$ cat data.tsv   # TSV, C-alpha atoms
chain	number	residue	atom	x	y	z
H	1	MET	CA	118.81	106.49	51.89
H	2	ALA	CA	122.47	106.13	50.85
H	3	THR	CA	121.64	103.03	48.80
H	4	ILE	CA	118.83	104.81	47.00
H	5	ARG	CA	120.99	107.86	46.30
H	6	GLY	CA	123.93	105.65	45.31
H	7	LYS	CA	121.81	104.11	42.57
H	8	GLY	CA	121.12	107.57	41.21
H	9	ALA	CA	117.49	107.89	42.28
H	10	ARG	CA	116.05	111.37	42.12
H	11	LEU	CA	112.67	112.66	43.15
H	12	SER	CA	110.71	114.10	40.28
H	13	VAL	CA	107.22	115.52	40.61
H	14	PRO	CA	105.39	115.97	37.29
H	15	GLY	CA	104.29	119.54	36.68
H	16	ILE	CA	106.97	120.98	38.94
H	17	VAL	CA	110.50	121.95	37.95
H	18	ASP	CA	112.71	118.86	37.98
H	19	LEU	CA	115.51	119.62	40.42
H	20	SER	CA	117.74	117.07	38.68
H	21	ASP	CA	117.95	119.31	35.63
H	22	LEU	CA	118.76	122.32	37.79
H	23	VAL	CA	121.41	120.40	39.75
H	24	ALA	CA	123.05	119.25	36.52
H	25	ASP	CA	123.25	122.84	35.26
H	26	SER	CA	124.48	124.26	38.59
H	27	SER	CA	127.82	124.42	40.35
H	28	GLY	CA	129.22	125.54	43.67
H	29	VAL	CA	126.87	126.59	46.47
H	30	ALA	CA	123.79	126.47	44.23
H	31	ARG	CA	124.49	122.81	43.43
H	32	ILE	CA	124.96	121.95	47.12
H	33	VAL	CA	121.69	123.69	48.05
H	34	LEU	CA	119.75	121.99	45.24
H	35	GLU	CA	121.16	118.57	46.19
H	36	ALA	CA	120.18	119.21	49.82
H	37	VAL	CA	116.64	120.13	48.75
H	38	GLN	CA	116.51	117.00	46.58
H	39	ASP	CA	117.63	114.87	49.55
H	40	MET	CA	115.07	116.51	51.82
H	41	LEU	CA	112.25	115.88	49.35
H	42	LEU	CA	113.34	112.26	48.93
H	43	ARG	CA	113.39	111.80	52.71
H	44	VAL	CA	109.90	113.31	53.01
H	45	ALA	CA	108.62	111.00	50.26
H	46	LEU	CA	110.22	107.95	51.90
H	47	GLN	CA	108.82	108.84	55.33
H	48	THR	CA	105.36	109.40	53.86
H	49	ALA	CA	105.52	106.02	52.15
H	50	ARG	CA	106.66	104.37	55.39
H	51	ASP	CA	103.88	106.01	57.40
H	52	ASP	CA	101.32	104.92	54.80
H	53	TYR	CA	102.66	101.35	54.89
H	54	GLU	CA	102.49	101.20	58.69
H	55	THR	CA	98.95	102.65	58.72
H	56	ARG	CA	97.76	100.04	56.22
H	57	ARG	CA	99.40	97.23	58.21
H	58	GLU	CA	97.77	98.42	61.43
H	59	ARG	CA	94.35	98.63	59.78
H	60	GLN	CA	94.85	95.17	58.34
H	61	ARG	CA	95.77	93.80	61.79
H	62	GLU	CA	92.68	95.43	63.29
H	63	GLY	CA	90.46	94.01	60.55
H	64	ILE	CA	91.89	90.52	61.01
H	65	GLU	CA	91.39	90.73	64.79
H	66	ILE	CA	87.76	91.82	64.35
H	67	ALA	CA	87.16	88.99	61.86
H	68	ARG	CA	88.82	86.46	64.21
H	69	ARG	CA	86.59	87.51	67.10
H	70	ALA	CA	83.57	87.11	64.81
H	71	GLY	CA	84.82	83.67	63.68
H	72	ARG	CA	85.22	84.70	60.04
H	73	TYR	CA	89.02	84.50	59.77
H	74	SER	CA	91.20	81.48	60.30
H	75	GLY	CA	94.31	82.54	58.39
H	76	ARG	CA	96.10	80.93	55.51
H	77	LYS	CA	96.25	77.14	55.46
H	78	PRO	CA	99.80	75.77	55.74
H	79	ASP	CA	101.43	74.17	52.71
H	80	LEU	CA	101.85	70.72	54.23
H	81	ALA	CA	103.84	69.34	51.28
H	82	HIS	CA	106.34	72.17	51.68
H	83	HIS	CA	106.48	71.56	55.43
H	84	ARG	CA	107.17	67.84	54.84
H	85	ARG	CA	109.98	68.76	52.45
H	86	ILE	CA	111.55	71.09	55.03
H	87	VAL	CA	111.25	68.50	57.82
H	88	GLY	CA	112.66	65.81	55.52
H	89	LEU	CA	115.67	67.93	54.63
H	90	ARG	CA	116.32	68.79	58.28
H	91	ASP	CA	115.93	65.13	59.30
H	92	ALA	CA	118.45	64.22	56.58
H	93	GLY	CA	120.98	66.42	58.37
H	94	MET	CA	120.84	69.52	56.20
H	95	SER	CA	121.71	72.81	57.84
H	96	ILE	CA	119.03	75.45	58.26
H	97	ALA	CA	120.57	77.64	55.55
H	98	ARG	CA	120.95	74.74	53.09
H	99	THR	CA	117.40	73.57	53.81
H	100	ALA	CA	116.08	77.08	53.09
H	101	GLU	CA	118.03	77.16	49.84
H	102	LEU	CA	116.83	73.72	48.69
H	103	ALA	CA	113.23	74.29	49.79
H	104	GLY	CA	113.09	77.75	48.26
H	105	CYS	CA	112.07	79.58	51.40
H	106	SER	CA	113.53	81.78	54.11
H	107	ILE	CA	115.68	80.68	57.00
H	108	ALA	CA	112.97	82.01	59.34
H	109	GLN	CA	110.40	79.71	57.73
H	110	VAL	CA	112.69	76.70	58.12
H	111	LYS	CA	113.08	77.55	61.81
H	112	ARG	CA	109.31	78.02	62.26
H	113	VAL	CA	108.40	74.76	60.51
H	114	THR	CA	111.11	72.82	62.36
H	115	ALA	CA	109.97	74.21	65.74
H	116	LEU	CA	106.34	73.43	64.92
H	117	HIS	CA	107.26	69.88	63.88
H	118	ARG	CA	109.30	69.32	67.06
H	119	ALA	CA	106.48	70.69	69.22
H	120	LYS	CA	103.96	68.37	67.55
H	121	ALA	CA	106.33	65.41	67.89
H	122	ALA	CA	106.91	66.19	71.58
H	123	SER	CA	103.17	66.54	72.15
H	124	ALA	CA	102.51	63.22	70.41
H	125	SER	CA	105.21	61.46	72.42
H	126	ASN	CA	103.82	62.91	75.67
H	127	ARG	CA	100.39	61.52	74.81
H	128	ASP	CA	101.94	58.12	74.07
H	129	VAL	CA	103.94	58.12	77.32
H	130	ALA	CA	101.11	59.22	79.60
H	131	PRO	CA	98.89	56.11	79.19
H	132	ASN	CA	101.90	53.82	79.76
H	133	GLU	CA	102.81	55.67	82.94
H	134	GLU	CA	99.22	55.34	84.15
H	135	ALA	CA	99.31	51.63	83.44
H	136	LEU	CA	102.48	51.27	85.54
H	137	SER	CA	101.04	53.03	88.57
$ encode --input "data.tsv" --output "structure tokens"
Amino acid sequence: MATIRGKGARLSVPGIVDLSDLVADSSGVARIVLEAVQDMLLRVALQTARDDYETRRERQREGIEIARRAGRYSGRKPDLAHHRRIVGLRDAGMSIARTAELAGCSIAQVKRVTALHRAKAASASNRDVAPNEEALS
């Protein structure tokens, strides 16, 4: 809220008196009251937008879950070339932050891809070790 107000944002509803004009023309207590009303309206608008966003996300999650159960949704396919680039940078000794910068992605994605790669590598090595252990016994 402070960031938005600091950038000079004001709530303006077409067809209704613009409080910004009234605030600019006011002083003293009237100005304080009008600024408080402006802040309250901005908070209401922000909360409404947040509630709408959360409702849409929840409906999307529900729709995806229904589609998954029906076998119609498998999600987005991973960008394997991008994953190889991330793994290559990490294998070359780059830090997570530097890898994210060079690969053009988030730090969280670098961590996810690296963890996925390590899990697959561990799984592959376990499959390779298991037959050898059986042969020894």
$ atom_distance --input "data.tsv" --atom1 "CA of Arg118 (chain H)" --atom2 "CA of Ala100 (chain H)"
17.4 Å
$ residues_around --input "data.tsv" --residues "region 106-112 of chain H" --least-positions-apart "5" --cutoff "10 Å" --atoms "all atoms listed in the file" --output "compact mmCIF listing (two decimals) with C-alpha atoms, in the coordinates of the input"
# COMPACT_ATOMS: atom_id res chain seq x y z
CA HIS H 83 106.48 71.56 55.43
CA ILE H 86 111.55 71.09 55.03
CA VAL H 87 111.25 68.50 57.82
CA LEU H 89 115.67 67.93 54.63
CA ARG H 90 116.32 68.79 58.28
CA SER H 95 121.71 72.81 57.84
CA ILE H 96 119.03 75.45 58.26
CA ALA H 97 120.57 77.64 55.55
CA ARG H 98 120.95 74.74 53.09
CA THR H 99 117.40 73.57 53.81
CA ALA H 100 116.08 77.08 53.09
CA GLU H 101 118.03 77.16 49.84
CA HIS H 117 107.26 69.88 63.88
CA ARG H 118 109.30 69.32 67.06
$ atom_distance --input "data.tsv" --atom1 "CA of Ala9 (chain H)" --atom2 "CA of Leu42 (chain H)"
9.0 Å
$ residues_around --input "data.tsv" --residues "region 4-8 of chain H" --least-positions-apart "2" --cutoff "10 Å" --atoms "all atoms listed in the file" --output "ChimeraX atom specification"
/H:1-2,10,39,42
$ atom_distance --input "data.tsv" --atom1 "CA of Ile66 (chain H)" --atom2 "CA of Glu54 (chain H)"
18.4 Å
$ closest_residue --input "data.tsv" --among "H:Leu102, H:Ala122, H:Arg69, H:Val33" --to "Arg85 (chain H)" --atoms "all atoms listed in the file"
H:Leu102
